[in-house]
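Text of the file run.pdb, holding PDB, C-alpha atoms:
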MODEL        1
ATOM      1  CA  MET A   1      46.073   3.496  13.602
ATOM      2  CA  ARG A   2      43.017   2.328  11.701
ATOM      3  CA  VAL A   3      43.365  -0.998   9.880
ATOM      4  CA  ALA A   4      41.691  -1.188   6.469
ATOM      5  CA  ALA A   5      38.417  -3.059   6.547
ATOM      6  CA  GLU A   6      37.051  -5.235   3.762
ATOM      7  CA  ALA A   7      34.810  -2.351   2.684
ATOM      8  CA  ASP A   8      37.919  -0.224   2.105
ATOM      9  CA  VAL A   9      39.152  -2.459  -0.719
ATOM     10  CA  ALA A  10      37.619  -2.453  -4.196
ATOM     11  CA  THR A  11      38.392  -4.366  -7.363
ATOM     12  CA  ASN A  12      38.266  -2.726 -10.783
ATOM     13  CA  PRO A  13      37.863   0.834  -9.467
ATOM     14  CA  ALA A  14      37.199   3.559 -12.008
ATOM     15  CA  THR A  15      40.027   6.056 -12.288
ATOM     16  CA  GLN A  16      37.599   8.620 -13.641
ATOM     17  CA  THR A  17      34.458  10.211 -12.253
ATOM     18  CA  ALA A  18      31.098   9.127 -13.583
ATOM     19  CA  PRO A  19      29.456  11.583 -16.002
ATOM     20  CA  ASN A  20      26.275  11.972 -13.893
ATOM     21  CA  GLN A  21      28.070  13.010 -10.681
ATOM     22  CA  PRO A  22      27.687  16.658  -9.671
ATOM     23  CA  ARG A  23      30.740  18.736 -10.520
ATOM     24  CA  ASN A  24      32.599  20.356  -7.646
ATOM     25  CA  PRO A  25      34.058  23.685  -8.854
ATOM     26  CA  TYR A  26      37.000  23.347  -6.436
ATOM     27  CA  VAL A  27      38.101  19.936  -7.706
ATOM     28  CA  THR A  28      39.815  19.489 -11.055
ATOM     29  CA  THR A  29      38.232  16.703 -13.079
ATOM     30  CA  PRO A  30      39.507  14.995 -16.221
ATOM     31  CA  HIS A  31      38.517  16.562 -19.512
ATOM     32  CA  GLN A  32      37.384  13.363 -21.144
ATOM     33  CA  ILE A  33      35.676  10.346 -19.659
ATOM     34  CA  SER A  34      37.197   7.030 -20.709
ATOM     35  CA  GLU A  35      37.072   3.435 -19.582
ATOM     36  CA  GLU A  36      40.435   3.479 -17.824
ATOM     37  CA  ARG A  37      40.257   1.355 -14.708
ATOM     38  CA  GLY A  38      42.754   0.157 -12.176
ATOM     39  CA  ASP A  39      42.770  -3.442 -11.009
ATOM     40  CA  ALA A  40      42.214  -2.751  -7.309
ATOM     41  CA  SER A  41      41.787   0.118  -4.906
ATOM     42  CA  CYS A  42      42.408   0.459  -1.196
ATOM     43  CA  TYR A  43      41.522   3.236   1.214
ATOM     44  CA  ALA A  44      44.351   4.755   3.291
ATOM     45  CA  PHE A  45      47.133   2.574   1.885
ATOM     46  CA  TRP A  46      49.767   5.310   1.517
ATOM     47  CA  GLN A  47      47.950   8.262   3.124
ATOM     48  CA  ARG A  48      45.099   8.568   5.557
ATOM     49  CA  GLY A  49      41.892   9.738   3.915
ATOM     50  CA  ARG A  50      43.017   8.984   0.370
ATOM     51  CA  ASP A  51      42.335   6.054  -1.970
ATOM     52  CA  CYS A  52      45.152   4.252  -3.720
ATOM     53  CA  THR A  53      44.543   2.629  -7.094
ATOM     54  CA  PHE A  54      46.679  -0.353  -8.091
ATOM     55  CA  ASP A  55      47.234  -1.660 -11.582
ATOM     56  CA  VAL A  56      48.956  -5.023 -11.957
ATOM     57  CA  ARG A  57      51.100  -6.179 -14.867
ATOM     58  CA  ILE A  58      52.916  -9.478 -15.110
ATOM     59  CA  THR A  59      55.515  -9.520 -17.860
ATOM     60  CA  ASP A  60      57.934 -12.008 -19.359
ATOM     61  CA  THR A  61      61.357 -10.426 -18.941
ATOM     62  CA  GLU A  62      62.889 -13.092 -21.193
ATOM     63  CA  ALA A  63      60.674 -12.339 -24.191
ATOM     64  CA  ARG A  64      62.279 -11.542 -27.565
ATOM     65  CA  SER A  65      61.394  -7.871 -27.222
ATOM     66  CA  HIS A  66      63.456  -7.713 -24.015
ATOM     67  CA  GLN A  67      66.372  -9.921 -25.140
ATOM     68  CA  ASN A  68      69.308  -7.614 -24.446
ATOM     69  CA  LYS A  69      67.805  -5.766 -21.481
ATOM     70  CA  ASP A  70      68.337  -6.194 -17.770
ATOM     71  CA  PRO A  71      65.148  -7.619 -16.143
ATOM     72  CA  ALA A  72      65.123  -4.822 -13.561
ATOM     73  CA  LYS A  73      65.195  -2.241 -16.375
ATOM     74  CA  VAL A  74      62.327  -4.001 -18.154
ATOM     75  CA  LEU A  75      60.212  -3.812 -14.997
ATOM     76  CA  GLU A  76      61.172  -0.169 -14.509
ATOM     77  CA  LEU A  77      60.112   0.694 -18.075
ATOM     78  CA  GLN A  78      56.786  -1.048 -17.570
ATOM     79  CA  GLU A  79      56.214   0.874 -14.325
ATOM     80  CA  LYS A  80      56.847   4.148 -16.178
ATOM     81  CA  GLU A  81      54.383   3.095 -18.878
ATOM     82  CA  LYS A  82      51.692   2.385 -16.279
ATOM     83  CA  LYS A  83      52.356   5.691 -14.527
ATOM     84  CA  GLY A  84      52.112   7.518 -17.844
ATOM     85  CA  LYS A  85      48.688   5.972 -18.397
ATOM     86  CA  TYR A  86      47.101   6.409 -14.952
ATOM     87  CA  LEU A  87      49.070   8.778 -12.712
ATOM     88  CA  GLN A  88      47.755  12.117 -13.990
ATOM     89  CA  THR A  89      44.129  10.969 -13.869
ATOM     90  CA  CYS A  90      44.509   9.587 -10.352
ATOM     91  CA  HIS A  91      46.114  12.812  -9.134
ATOM     92  CA  GLU A  92      43.275  14.839 -10.662
ATOM     93  CA  LEU A  93      40.849  12.669  -8.694
ATOM     94  CA  GLN A  94      42.995  13.082  -5.557
ATOM     95  CA  LYS A  95      43.975   9.419  -5.451
ATOM     96  CA  ASN A  96      47.343   7.742  -5.152
ATOM     97  CA  PHE A  97      48.457   5.352  -7.887
ATOM     98  CA  THR A  98      50.835   2.417  -7.569
ATOM     99  CA  PRO A  99      51.804   0.196 -10.504
ATOM    100  CA  LEU A 100      52.436  -3.388  -9.383
ATOM    101  CA  VAL A 101      54.764  -4.790 -12.032
ATOM    102  CA  TYR A 102      56.093  -8.333 -11.684
ATOM    103  CA  SER A 103      57.973 -10.744 -13.909
ATOM    104  CA  VAL A 104      56.506 -14.206 -14.552
ATOM    105  CA  ASP A 105      59.217 -15.515 -12.218
ATOM    106  CA  GLY A 106      57.915 -13.406  -9.317
ATOM    107  CA  MET A 107      60.540 -10.642  -9.517
ATOM    108  CA  ALA A 108      58.946  -7.390  -8.330
ATOM    109  CA  GLY A 109      59.472  -3.909  -9.683
ATOM    110  CA  LYS A 110      60.604  -1.062  -7.430
ATOM    111  CA  GLU A 111      57.094   0.289  -6.794
ATOM    112  CA  ALA A 112      55.751  -3.198  -6.094
ATOM    113  CA  ARG A 113      58.502  -3.769  -3.505
ATOM    114  CA  CYS A 114      57.519  -0.532  -1.750
ATOM    115  CA  ALA A 115      53.852  -1.567  -1.816
ATOM    116  CA  GLU A 116      54.720  -4.971  -0.344
ATOM    117  CA  SER A 117      56.585  -3.259   2.473
ATOM    118  CA  GLN A 118      53.647  -0.909   3.111
ATOM    119  CA  LEU A 119      51.228  -3.837   3.174
ATOM    120  CA  ALA A 120      53.458  -5.554   5.730
ATOM    121  CA  PHE A 121      53.426  -2.343   7.795
ATOM    122  CA  HIS A 122      49.610  -2.366   7.849
ATOM    123  CA  LEU A 123      49.586  -6.050   8.840
ATOM    124  CA  THR A 124      51.924  -5.493  11.826
ATOM    125  CA  SER A 125      49.196  -3.883  13.900
ATOM    126  CA  LYS A 126      46.597  -6.434  12.832
ATOM    127  CA  TRP A 127      48.665  -9.584  13.391
ATOM    128  CA  ASN A 128      50.995  -8.328  16.186
ATOM    129  CA  ARG A 129      54.128  -9.485  14.375
ATOM    130  CA  PRO A 130      57.380  -7.662  13.576
ATOM    131  CA  LYS A 131      57.459  -5.922  10.210
ATOM    132  CA  SER A 132      60.592  -7.830   9.168
ATOM    133  CA  GLN A 133      58.705 -11.148   9.393
ATOM    134  CA  LEU A 134      55.696  -9.817   7.548
ATOM    135  CA  VAL A 135      57.677  -8.257   4.686
ATOM    136  CA  GLY A 136      59.167 -11.652   3.914
ATOM    137  CA  PHE A 137      55.785 -13.327   4.282
ATOM    138  CA  VAL A 138      54.050 -10.863   1.928
ATOM    139  CA  ARG A 139      56.809 -11.076  -0.693
ATOM    140  CA  VAL A 140      56.844 -14.874  -0.684
ATOM    141  CA  ARG A 141      53.043 -15.106  -0.848
ATOM    142  CA  LEU A 142      52.883 -12.706  -3.795
ATOM    143  CA  ALA A 143      55.730 -14.448  -5.639
ATOM    144  CA  LEU A 144      54.024 -17.823  -5.143
ATOM    145  CA  ALA A 145      50.668 -16.419  -6.285
ATOM    146  CA  ILE A 146      52.278 -15.064  -9.461
ATOM    147  CA  ALA A 147      54.100 -18.330 -10.157
ATOM    148  CA  ARG A 148      50.887 -20.277  -9.579
ATOM    149  CA  ALA A 149      48.879 -17.968 -11.841
ATOM    150  CA  HIS A 150      51.514 -18.288 -14.559
ATOM    151  CA  SER A 151      51.531 -22.060 -14.190
ATOM    152  CA  LEU A 152      47.729 -22.175 -14.450
ATOM    153  CA  LEU A 153      47.859 -20.093 -17.623
ATOM    154  CA  ILE A 154      50.198 -22.617 -19.221
ATOM    155  CA  GLN A 155      48.788 -25.896 -17.855
ATOM    156  CA  GLY A 156      45.225 -25.051 -17.021
ATOM    157  CA  SER A 157      43.534 -25.888 -13.744
ATOM    158  CA  ARG A 158      43.404 -29.492 -12.578
ATOM    159  CA  ASN A 159      40.506 -28.737 -10.270
ATOM    160  CA  ARG A 160      37.391 -28.111 -12.329
ATOM    161  CA  GLY A 161      35.301 -27.306  -9.254
ATOM    162  CA  GLY A 162      35.365 -24.185  -7.155
ATOM    163  CA  SER A 163      38.449 -23.392  -5.150
ATOM    164  CA  ILE A 164      38.528 -23.574  -1.382
ATOM    165  CA  ARG A 165      40.398 -20.669   0.170
ATOM    166  CA  ALA A 166      41.355 -20.285   3.788
ATOM    167  CA  ASN A 167      40.166 -17.180   5.615
ATOM    168  CA  ILE A 168      43.314 -15.654   7.111
ATOM    169  CA  ALA A 169      42.019 -12.838   9.262
ATOM    170  CA  ASP A 170      44.044 -13.189  12.434
ATOM    171  CA  GLY A 171      47.473 -14.318  11.240
ATOM    172  CA  THR A 172      47.201 -17.958  12.345
ATOM    173  CA  ALA A 173      48.528 -19.155   8.995
ATOM    174  CA  LEU A 174      51.589 -16.993   9.484
ATOM    175  CA  GLN A 175      52.017 -18.362  13.009
ATOM    176  CA  HIS A 176      51.832 -21.950  11.727
ATOM    177  CA  ALA A 177      54.278 -21.194   8.883
ATOM    178  CA  TRP A 178      56.652 -19.518  11.328
ATOM    179  CA  GLN A 179      56.547 -22.529  13.682
ATOM    180  CA  CYS A 180      57.307 -24.881  10.785
ATOM    181  CA  TRP A 181      60.192 -22.624   9.751
ATOM    182  CA  GLU A 182      61.629 -22.606  13.304
ATOM    183  CA  GLU A 183      61.464 -26.414  13.512
ATOM    184  CA  ARG A 184      63.930 -26.721  10.627
TER     185      ARG A 184
ENDMDL
END
Would you put the structure from the file into structure tokens?
Amino acid sequence: MRVAAEADVATNPATQTAPNQPRNPYVTTPHQISEERGDASCYAFWQRGRDCTFDVRITDTEARSHQNKDPAKVLELQEKEKKGKYLQTCHELQKNFTPLVYSVDGMAGKEARCAESQLAFHLTSKWNRPKSQLVGFVRVRLALAIARAHSLLIQGSRNRGGSIRANIADGTALQHAWQCWEER
């Protein structure tokens, strides 16, 4: 199995073809060109040989507009809204589309949970770890990233300089975290 390389991942991918590209008579293209864009794209995420476009939404499930609704239902409605906006266009361009809908608390929608599981599946061959460990790792990392982003929106960043990020290419961070977890 081929593991996605850095070149296989794009941010802000267009969900429509550019107007100056030659038209293939065997491929259906959208009737109107618009500025619809996904947030990220990855090659061979769900299927080999096919791009997958992701669009992320973080919503407050406790907002006034969602007062008497179950948080899971709110996330489900938002997923349907995203699919209504992008799914047809992505299918016309022979791409997969996955809406990643989260609450500000880190609760994931149904599609986001499936995507987290698929990401963990791809990491199993790269990091030589069981999928069960990696699913938990991916879900916790995403929930923490969402909580941190939400906190930064409210408080602002304390660090005015550039951020220093660790390069986690071989799974050593996971190994260290797992050792700390086992020591408890």
List, as a VMD selection string, every residue that the PyMOL selection byres ((chain A and resi 54) around 12) selects in the file provided.
chain A and resid 9 to 15 37 to 43 45 to 46 51 to 53 55 to 57 79 82 to 83 86 to 87 90 95 to 101 111 to 112 115
Selection under test: the PyMOL selection byres ((chain A and resi 132) around 12); residues as JSON, numbers by chain:
{"A": [116, 117, 118, 119, 120, 121, 123, 124, 128, 129, 130, 131, 133, 134, 135, 136, 137, 138, 139]}
Could you please determine the separation between atom CA of A:Met107 and atom CA of A:Ala143 in Å, to one decimal place?
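If I compute the distance from atom CA of A:Met107 to atom CA of A:Ala143, I get 7.3 Å.
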Grab the atom CA of A:Leu77 to atom CA of A:Ala63 distance for me, in Å with one decimal place.
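Straight-line distance from atom CA of A:Leu77 to atom CA of A:Ala63 works out to 14.4 Å.
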Have a look at A:Gly109, A:Gln94, A:Tyr102, A:Arg48 and name the one nearest to A:Glu76; count only C-alpha atoms.
A:Gly109
Using only C-alpha atoms for the distances, tell me which of A:Val74, A:Arg113, A:His91, A:Lys80 is nearest to A:Thr59.
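Among A:Val74, A:Arg113, A:His91, A:Lys80, it is A:Val74 that comes nearest to A:Thr59.
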Selected residue of minimal separation from A:Lys73 among A:Ala108, A:Arg50, A:Ala145, A:Lys126, counting all atoms listed in the file:
A:Ala108
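One distance worth recording is that between atom CA of A:Asp105 and atom CA of A:Leu152, which is 13.5 Å.
Remark: for A:Gly106, the closest of the candidate residues A:Arg148, A:Glu81, A:Leu93, A:His66 is A:Arg148 (distances computed over all atoms listed in the file).
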